[in-house]
file entry-v3.cif (mmCIF, C-alpha atoms)
data_protein
#
loop_
_atom_site.label_atom_id
_atom_site.label_comp_id
_atom_site.auth_asym_id
_atom_site.auth_seq_id
_atom_site.Cartn_x
_atom_site.Cartn_y
_atom_site.Cartn_z
CA MET I 1 -172.99 72.07 -28.02
CA SER I 2 -170.97 71.05 -25.00
CA SER I 3 -172.80 68.51 -22.94
CA ASP I 4 -172.25 67.22 -19.44
CA LEU I 5 -169.04 65.45 -18.59
CA ILE I 6 -169.04 61.69 -18.56
CA ARG I 7 -166.87 60.18 -15.83
CA VAL I 8 -165.70 56.59 -15.83
CA PRO I 9 -163.75 55.34 -12.81
CA ILE I 10 -160.73 53.14 -13.60
CA ASN I 11 -160.18 50.97 -10.56
CA GLY I 12 -159.49 47.56 -12.03
CA ILE I 13 -158.67 45.70 -15.19
CA SER I 14 -162.31 45.23 -16.21
CA ASP I 15 -162.82 49.01 -16.06
CA ILE I 16 -160.50 49.30 -19.08
CA ILE I 17 -163.14 47.57 -21.19
CA CYS I 18 -165.88 49.68 -19.62
CA ALA I 19 -163.96 52.90 -20.36
CA ARG I 20 -163.37 52.04 -23.99
CA LEU I 21 -166.99 51.00 -24.54
CA THR I 22 -168.14 54.28 -23.01
CA VAL I 23 -165.79 56.37 -25.15
CA ARG I 24 -166.79 54.48 -28.28
CA ARG I 25 -170.47 55.10 -27.54
CA GLU I 26 -169.85 58.80 -26.89
CA ALA I 27 -167.73 59.16 -30.05
CA ALA I 28 -170.53 57.51 -32.06
CA ARG I 29 -173.12 59.82 -30.49
CA ILE I 30 -171.07 62.89 -31.41
CA GLY I 31 -170.89 61.63 -34.98
CA PHE I 32 -167.34 60.32 -35.42
CA SER I 33 -166.74 57.61 -38.04
CA THR I 34 -166.23 53.98 -37.02
CA ALA I 35 -162.51 54.40 -37.74
CA ASP I 36 -162.31 57.35 -35.36
CA GLN I 37 -164.37 55.53 -32.73
CA THR I 38 -161.83 52.71 -32.87
CA ARG I 39 -158.89 55.15 -32.72
CA VAL I 40 -160.17 56.88 -29.62
CA ALA I 41 -161.24 53.62 -27.94
CA THR I 42 -157.75 52.21 -28.54
CA ALA I 43 -156.17 55.38 -27.15
CA VAL I 44 -158.32 55.18 -24.01
CA SER I 45 -157.43 51.52 -23.62
CA GLU I 46 -153.69 52.31 -23.76
CA VAL I 47 -153.78 55.13 -21.25
CA ALA I 48 -156.23 53.40 -18.89
CA ARG I 49 -153.91 50.42 -18.84
CA ASN I 50 -151.06 52.67 -17.72
CA VAL I 51 -153.28 53.85 -14.86
CA ILE I 52 -153.88 50.26 -13.73
CA ASN I 53 -150.24 49.25 -14.15
CA TYR I 54 -148.57 52.21 -12.51
CA ALA I 55 -151.14 53.93 -10.30
CA THR I 56 -153.83 51.27 -9.66
CA GLU I 57 -156.75 53.69 -9.90
CA GLY I 58 -157.85 56.81 -11.67
CA VAL I 59 -160.69 58.39 -13.56
CA CYS I 60 -161.47 58.94 -17.23
CA THR I 61 -163.50 62.03 -18.15
CA LEU I 62 -165.08 62.62 -21.56
CA ARG I 63 -166.19 66.02 -22.80
CA ASP I 64 -167.99 66.90 -25.99
CA ASP I 65 -166.41 70.15 -27.18
CA SER I 66 -167.96 70.10 -30.64
CA ASN I 67 -169.14 73.28 -32.32
CA SER I 68 -170.81 74.09 -35.61
CA ASP I 69 -167.54 73.63 -37.55
CA GLU I 70 -166.01 70.59 -35.99
CA LEU I 71 -166.53 67.44 -33.98
CA HIS I 72 -164.37 67.49 -30.87
CA LEU I 73 -164.16 64.84 -28.17
CA GLN I 74 -161.79 65.57 -25.31
CA VAL I 75 -160.63 62.75 -23.05
CA THR I 76 -158.85 63.33 -19.74
CA ILE I 77 -157.41 60.44 -17.77
CA GLU I 78 -156.06 61.24 -14.31
CA ASP I 79 -154.48 59.25 -11.56
CA HIS I 80 -152.78 59.96 -8.26
CA GLY I 81 -149.96 57.47 -8.70
CA PRO I 82 -146.20 58.01 -8.54
CA GLY I 83 -146.08 60.00 -11.77
CA ILE I 84 -143.93 59.48 -14.87
CA ASP I 85 -140.24 60.09 -14.11
CA ASN I 86 -139.27 61.20 -17.54
CA VAL I 87 -142.13 62.23 -19.81
CA VAL I 88 -139.83 62.83 -22.79
CA GLU I 89 -138.44 59.28 -22.53
CA ALA I 90 -141.94 57.85 -21.99
CA MET I 91 -143.01 59.36 -25.32
CA ARG I 92 -140.15 57.65 -27.16
CA ASP I 93 -140.98 54.54 -29.18
CA GLY I 94 -139.80 51.36 -27.53
CA TYR I 95 -139.42 52.87 -24.05
CA SER I 96 -141.13 51.02 -21.21
CA THR I 97 -140.52 50.53 -17.52
CA GLY I 98 -143.58 48.35 -17.11
CA GLY I 99 -142.93 45.41 -19.38
CA GLY I 100 -145.03 46.62 -22.32
CA LEU I 101 -144.05 46.91 -25.95
CA GLY I 102 -143.17 50.54 -25.38
CA ALA I 103 -145.68 51.42 -28.10
CA GLY I 104 -148.33 52.69 -25.70
CA LEU I 105 -147.95 56.43 -25.26
CA PRO I 106 -146.24 57.32 -28.56
CA GLY I 107 -148.72 55.05 -30.34
CA THR I 108 -151.65 56.72 -28.63
CA CYS I 109 -150.28 60.09 -29.63
CA ARG I 110 -150.42 59.06 -33.29
CA LEU I 111 -154.08 58.02 -33.02
CA VAL I 112 -155.46 61.34 -31.83
CA SER I 113 -155.37 65.02 -32.85
CA LEU I 114 -154.04 66.64 -29.67
CA PHE I 115 -152.10 64.95 -26.92
CA ASN I 116 -150.73 66.29 -23.65
CA ILE I 117 -149.22 64.78 -20.51
CA GLU I 118 -148.68 66.51 -17.19
CA SER I 119 -147.05 64.41 -14.56
CA ARG I 120 -145.65 64.89 -11.09
CA GLN I 121 -145.61 62.88 -7.90
CA GLY I 122 -149.25 62.28 -6.96
CA LEU I 123 -150.87 63.49 -10.19
CA THR I 124 -150.59 62.31 -13.75
CA ARG I 125 -153.03 63.80 -16.22
CA VAL I 126 -153.16 62.67 -19.84
CA THR I 127 -155.41 64.77 -22.07
CA PHE I 128 -156.14 64.05 -25.68
CA SER I 129 -158.67 65.14 -28.23
CA LEU I 130 -160.05 63.84 -31.46
CA ILE I 131 -161.03 66.69 -33.75
CA ARG I 132 -162.61 66.43 -37.20
CA LYS I 133 -164.10 69.05 -39.49
CA ARG I 134 -167.81 68.54 -39.97
CA ALA I 135 -168.66 67.25 -43.43
CA MET G 1 -164.39 34.15 -18.74
CA ARG G 2 -162.41 31.14 -19.98
CA VAL G 3 -162.09 30.88 -23.74
CA PRO G 4 -162.70 27.31 -24.93
CA ILE G 5 -160.02 25.60 -27.02
CA ILE G 6 -161.52 23.12 -29.47
CA ARG G 7 -159.50 20.28 -30.91
CA LEU G 8 -160.13 19.21 -34.50
CA GLY G 9 -157.63 16.48 -35.30
CA ARG G 10 -154.18 18.06 -35.21
CA ILE G 11 -155.55 21.59 -35.17
CA LEU G 12 -156.60 23.61 -32.14
CA LEU G 13 -159.30 26.15 -32.80
CA ILE G 14 -159.96 29.22 -30.69
CA SER G 15 -162.80 31.57 -31.42
CA ILE G 16 -162.79 34.60 -29.16
CA GLN G 17 -166.42 35.69 -28.79
CA THR G 18 -166.24 38.70 -26.46
CA ASP G 19 -163.87 41.42 -25.38
CA LEU G 20 -161.10 39.88 -23.31
CA THR G 21 -159.75 41.33 -20.10
CA ASP G 22 -155.98 41.11 -19.59
CA ASN G 23 -156.44 38.19 -17.22
CA ASP G 24 -158.67 36.33 -19.69
CA ALA G 25 -156.00 36.77 -22.35
CA LEU G 26 -153.17 35.56 -20.11
CA CYS G 27 -155.30 32.62 -19.02
CA LEU G 28 -155.98 31.73 -22.66
CA GLN G 29 -152.26 31.98 -23.38
CA SER G 30 -151.31 29.47 -20.69
CA ASP G 31 -154.26 27.16 -21.46
CA LEU G 32 -153.26 27.14 -25.11
CA ILE G 33 -149.57 26.33 -24.70
CA LYS G 34 -150.45 23.59 -22.24
CA LYS G 35 -152.96 22.13 -24.69
CA ILE G 36 -150.53 22.36 -27.62
CA SER G 37 -147.98 20.46 -25.62
CA ASP G 38 -150.47 17.85 -24.36
CA THR G 39 -151.91 17.15 -27.80
CA GLU G 40 -148.85 17.88 -29.95
CA ALA G 41 -151.12 19.99 -32.10
CA GLN G 42 -149.42 21.08 -35.30
CA GLY G 43 -151.68 24.00 -36.07
CA VAL G 44 -153.53 26.67 -34.12
CA ALA G 45 -156.24 28.89 -35.57
CA ILE G 46 -157.20 31.94 -33.54
CA ASP G 47 -160.23 33.96 -34.58
CA ILE G 48 -160.29 37.49 -33.18
CA THR G 49 -163.37 38.81 -35.03
CA ALA G 50 -164.95 39.87 -31.72
CA LEU G 51 -162.03 42.06 -30.66
CA ASP G 52 -162.94 45.58 -31.70
CA VAL G 53 -160.02 47.15 -29.84
CA VAL G 54 -156.51 45.69 -29.84
CA ASP G 55 -154.18 47.92 -27.87
CA SER G 56 -150.43 47.43 -27.57
CA TYR G 57 -150.79 45.18 -24.53
CA MET G 58 -153.27 42.83 -26.18
CA ALA G 59 -151.11 42.84 -29.30
CA ARG G 60 -148.14 41.84 -27.19
CA ILE G 61 -150.07 38.95 -25.67
CA ILE G 62 -151.09 37.79 -29.16
CA ASN G 63 -147.49 38.09 -30.41
CA ASP G 64 -146.08 36.28 -27.42
CA THR G 65 -148.65 33.51 -27.72
CA VAL G 66 -147.78 33.05 -31.38
CA CYS G 67 -144.06 32.84 -30.55
CA MET G 68 -144.68 30.36 -27.73
CA ALA G 69 -146.80 28.13 -29.96
CA GLN G 70 -144.10 28.23 -32.64
CA LEU G 71 -141.40 27.31 -30.12
CA LEU G 72 -143.43 24.25 -29.23
CA GLY G 73 -143.74 23.30 -32.89
CA ALA G 74 -147.20 24.51 -33.90
CA ASP G 75 -148.06 26.83 -36.77
CA VAL G 76 -150.44 29.68 -35.96
CA VAL G 77 -152.87 31.49 -38.23
CA ILE G 78 -154.95 34.41 -37.03
CA SER G 79 -158.28 35.26 -38.61
CA GLY G 80 -160.85 38.02 -38.43
CA VAL G 81 -158.76 41.12 -37.72
CA GLN G 82 -161.35 43.89 -37.98
CA PRO G 83 -160.62 46.63 -40.54
CA PHE G 84 -160.50 49.45 -38.01
CA VAL G 85 -158.43 47.35 -35.66
CA ALA G 86 -155.90 46.92 -38.49
CA LEU G 87 -156.04 50.67 -39.07
CA SER G 88 -155.38 51.67 -35.48
CA MET G 89 -152.69 49.02 -34.99
CA VAL G 90 -150.73 50.22 -38.00
CA GLU G 91 -151.19 53.86 -37.05
CA MET G 92 -149.91 53.12 -33.57
CA GLY G 93 -146.75 52.15 -35.35
CA SER G 94 -145.82 48.65 -34.31
CA ASP G 95 -145.64 45.56 -36.45
CA LEU G 96 -147.94 44.06 -33.95
CA ILE G 97 -149.19 40.78 -35.30
CA ARG G 98 -146.35 38.56 -36.45
CA ALA G 99 -148.49 35.58 -37.32
CA GLU G 100 -149.98 34.94 -40.70
CA CYS G 101 -153.45 36.49 -40.97
CA VAL G 102 -156.44 35.45 -43.08
CA PHE G 103 -160.02 36.67 -43.36
CA ASN G 104 -161.94 33.92 -41.62
CA LEU G 105 -161.68 30.67 -39.71
CA GLU G 106 -162.42 28.54 -42.74
CA GLN G 107 -159.41 29.99 -44.55
CA ALA G 108 -157.34 29.62 -41.40
CA MET G 109 -158.14 25.89 -41.26
CA LYS G 110 -157.34 25.45 -44.97
CA ARG G 111 -154.06 27.32 -44.60
CA LEU G 112 -153.04 25.20 -41.63
CA GLU G 113 -153.93 21.97 -43.43
CA ILE G 114 -151.77 22.98 -46.38
CA ARG G 115 -148.87 23.88 -44.11
CA MET G 116 -149.20 20.71 -42.08
CA SER G 117 -149.24 18.57 -45.21
CA THR G 118 -145.82 19.94 -46.15
CA ARG G 119 -144.22 19.57 -42.73
CA GLY G 120 -143.39 15.92 -43.11
CA ASP G 121 -143.60 15.08 -39.43
CA ILE G 122 -146.16 12.92 -37.76
CA CYS G 123 -148.26 13.40 -34.70
CA LEU G 124 -147.43 10.72 -32.16
CA LYS G 125 -150.33 11.63 -29.93
CA ARG G 126 -152.90 11.60 -32.71
CA ASP G 127 -155.35 9.35 -30.92
CA ASN G 128 -154.79 10.71 -27.47
CA TYR G 129 -157.64 13.16 -27.03
CA VAL G 130 -156.96 15.41 -24.09
CA GLN G 131 -159.85 17.52 -22.86
#

call {"tool": "encode", "arguments": {"input": "entry-v3.cif", "output": "structure tokens"}}
result
Amino acid sequence: MSSDLIRVPINGISDIICARLTVRREAARIGFSTADQTRVATAVSEVARNVINYATEGVCTLRDDSNSDELHLQVTIEDHGPGIDNVVEAMRDGYSTGGGLGAGLPGTCRLVSLFNIESRQGLTRVTFSLIRKRA
Amino acid sequence: MRVPIIRLGRILLISIQTDLTDNDALCLQSDLIKKISDTEAQGVAIDITALDVVDSYMARIINDTVCMAQLLGADVVISGVQPFVALSMVEMGSDLIRAECVFNLEQAMKRLEIRMSTRGDICLKRDNYVQ
């Protein structure tokens, strides 16, 4: 039941709100509960904010990977910024180089089912999925 | 979009009606502390019913604003945290909101009035309405 990709550019602070509204709408369309819609919208908000803070622009891509057994929304957020120096440190609670609470990435990780970061100079790609068994 | 700050006696009331951008939130933060100082408000009620996503950055702004208001001498009560906002904030794993929380603005006002009545200090600028 995969549908077309939805792409949301993240070029400024107001795009964070646009991205989370879009992901919430898509999660609702797929059939996720309100709690899950809020989880994934919060996760997108966290990661999109990192894009604005560290890379200034990027793109958020949503893909419906659901099948007959499960609901599956995959979110990919990419930017071409300087990259994350130390991904292991960045995933540690309380770690921040950007003046945040340091709850962003590890917190996001706890909201979703799968979470992956690839990062090098010029490309940071955060991929996460929300997966639920169909009722 | 600038969020209006309404003065009701010694209480300042803020009802956030739409999603806030980061800049809106920072602007509200500085408007609020300025207004607390100008009016010597003793209580601040902030209603966040309209926020359906509170990420760690927004939570930090809320926390910081609460701390700033307290440093100036005002009590803060937050109302209207949405159930799924509470859920995702706790799951994210930070004790994000450090202010006292209640269900709605009416309760927030009552709570502030009770607290203010036990403070024992007076508001010198009571009649000085600053817009």

call {"tool": "residues_around", "arguments": {"input": "entry-v3.cif", "residues": "segment 57-69 of chain I", "least_positions_apart": "2", "cutoff": "8 Å", "atoms": "all atoms listed in the file", "output": "PyMOL selection string"}}
result
chain I and resi 1-12+19+23+30+48+51-52+55+71-81+133-134

call {"tool": "write_last_selection", "arguments": {"input": "entry-v3.cif", "atoms": "C-alpha atoms", "output": "compact mmCIF listing (two decimals), in the frame of the given file"}}
result
# COMPACT_ATOMS: atom_id res chain seq x y z
CA MET I 1 -172.99 72.07 -28.02
CA SER I 2 -170.97 71.05 -25.00
CA SER I 3 -172.80 68.51 -22.94
CA ASP I 4 -172.25 67.22 -19.44
CA LEU I 5 -169.04 65.45 -18.59
CA ILE I 6 -169.04 61.69 -18.56
CA ARG I 7 -166.87 60.18 -15.83
CA VAL I 8 -165.70 56.59 -15.83
CA PRO I 9 -163.75 55.34 -12.81
CA ILE I 10 -160.73 53.14 -13.60
CA ASN I 11 -160.18 50.97 -10.56
CA GLY I 12 -159.49 47.56 -12.03
CA ALA I 19 -163.96 52.90 -20.36
CA VAL I 23 -165.79 56.37 -25.15
CA ILE I 30 -171.07 62.89 -31.41
CA ALA I 48 -156.23 53.40 -18.89
CA VAL I 51 -153.28 53.85 -14.86
CA ILE I 52 -153.88 50.26 -13.73
CA ALA I 55 -151.14 53.93 -10.30
CA LEU I 71 -166.53 67.44 -33.98
CA HIS I 72 -164.37 67.49 -30.87
CA LEU I 73 -164.16 64.84 -28.17
CA GLN I 74 -161.79 65.57 -25.31
CA VAL I 75 -160.63 62.75 -23.05
CA THR I 76 -158.85 63.33 -19.74
CA ILE I 77 -157.41 60.44 -17.77
CA GLU I 78 -156.06 61.24 -14.31
CA ASP I 79 -154.48 59.25 -11.56
CA HIS I 80 -152.78 59.96 -8.26
CA GLY I 81 -149.96 57.47 -8.70
CA LYS I 133 -164.10 69.05 -39.49
CA ARG I 134 -167.81 68.54 -39.97

call {"tool": "closest_atom_pairs", "arguments": {"input": "entry-v3.cif", "of": "chain I", "to": "chain G", "cutoff": "10 Å", "atoms": "only C-alpha atoms", "output": "Markdown table"}}
result
| residue | atom | partner | partner_atom | distance |
| --- | --- | --- | --- | --- |
| I:Ile13 | CA | G:Thr21 | CA | 6.7 |
| I:Ser14 | CA | G:Thr21 | CA | 6.1 |
| I:Asp15 | CA | G:Thr21 | CA | 9.2 |
| I:Ile16 | CA | G:Thr21 | CA | 8.1 |
| I:Ile17 | CA | G:Thr21 | CA | 7.2 |
| I:Arg20 | CA | G:Val53 | CA | 8.3 |
| I:Leu21 | CA | G:Val53 | CA | 9.6 |
| I:Thr34 | CA | G:Phe84 | CA | 7.4 |
| I:Ala35 | CA | G:Phe84 | CA | 5.3 |
| I:Asp36 | CA | G:Phe84 | CA | 8.5 |
| I:Gln37 | CA | G:Phe84 | CA | 8.9 |
| I:Thr38 | CA | G:Phe84 | CA | 6.2 |
| I:Arg39 | CA | G:Ser88 | CA | 5.7 |
| I:Val40 | CA | G:Ser88 | CA | 9.2 |
| I:Ala41 | CA | G:Val53 | CA | 6.9 |
| I:Thr42 | CA | G:Asp55 | CA | 5.6 |
| I:Ala43 | CA | G:Asp55 | CA | 7.8 |
| I:Val44 | CA | G:Asp55 | CA | 9.2 |
| I:Ser45 | CA | G:Asp55 | CA | 6.4 |
| I:Glu46 | CA | G:Asp55 | CA | 6.0 |
| I:Val47 | CA | G:Asp55 | CA | 9.8 |
| I:Arg49 | CA | G:Tyr57 | CA | 8.3 |
| I:Asp93 | CA | G:Gly93 | CA | 8.8 |
| I:Gly94 | CA | G:Ser94 | CA | 9.5 |
| I:Gly99 | CA | G:Tyr57 | CA | 9.4 |
| I:Gly100 | CA | G:Tyr57 | CA | 6.3 |
| I:Leu101 | CA | G:Ser56 | CA | 6.6 |
| I:Gly102 | CA | G:Ser56 | CA | 8.2 |
| I:Ala103 | CA | G:Ser56 | CA | 6.2 |
| I:Gly104 | CA | G:Ser56 | CA | 6.0 |
| I:Leu105 | CA | G:Met92 | CA | 9.2 |
| I:Pro106 | CA | G:Met92 | CA | 7.5 |
| I:Gly107 | CA | G:Met92 | CA | 3.9 |
| I:Thr108 | CA | G:Met92 | CA | 6.4 |
| I:Cys109 | CA | G:Met92 | CA | 8.0 |
| I:Arg110 | CA | G:Met92 | CA | 6.0 |
| I:Leu111 | CA | G:Met92 | CA | 6.5 |

call {"tool": "closest_residue", "arguments": {"input": "entry-v3.cif", "among": "G:Ile36, G:Cys27, G:Val102, G:Ile6", "to": "Ile48 of chain G", "atoms": "only C-alpha atoms"}}
result
G:Val102

call {"tool": "resolve_selection", "arguments": {"input": "entry-v3.cif", "expression": "the PyMOL selection byres ((chain G and resi 16) around 12)", "output": "NGL selection string"}}
result
:G and (1-6 or 13-15 or 17-21 or 24-25 or 28 or 45-52 or 78-81 or 105)

call {"tool": "residues_around", "arguments": {"input": "entry-v3.cif", "residues": "Arg120 of chain I", "least_positions_apart": "5", "cutoff": "9 Å", "atoms": "only C-alpha atoms", "output": "list of chain:residue names"}}
result
I:Gly81, I:Pro82, I:Gly83, I:Ile84, I:Asp85

call {"tool": "atom_distance", "arguments": {"input": "entry-v3.cif", "atom1": "atom CA of Asn104 of chain G", "atom2": "atom CA of Ser33 of chain I"}}
result
24.4 Å

call {"tool": "resolve_selection", "arguments": {"input": "entry-v3.cif", "expression": "the PyMOL selection byres ((chain G and resi 42) around 7)", "output": "PyMOL selection string"}}
result
chain G and resi 10-11+40-41+43+73-75+116

call {"tool": "atom_distance", "arguments": {"input": "entry-v3.cif", "atom1": "atom CA of Ile131 of chain I", "atom2": "atom CA of Leu114 of chain I"}}
result
8.1 Å

call {"tool": "resolve_selection", "arguments": {"input": "entry-v3.cif", "expression": "the PyMOL selection byres ((chain G and resi 37) around 12)", "output": "list in words"}}
result
Arg10, Leu12, Ser30, Asp31, Leu32, Ile33, Lys34, Lys35, Ile36, Asp38, Thr39, Glu40, Ala41, Gln42, Gly43, Val44, Met68, Ala69, Gln70, Leu71, Leu72, Gly73, Ala74, Cys123, Leu124, Lys125 and Val130 of chain G

call {"tool": "atom_distance", "arguments": {"input": "entry-v3.cif", "atom1": "atom CA of Asp64 of chain G", "atom2": "atom CA of Gln82 of chain G"}}
result
20.1 Å

call {"tool": "closest_residue", "arguments": {"input": "entry-v3.cif", "among": "G:Ala86, G:Leu26, G:Arg98, G:Val77", "to": "Lys110 of chain G", "atoms": "only C-alpha atoms"}}
result
G:Val77
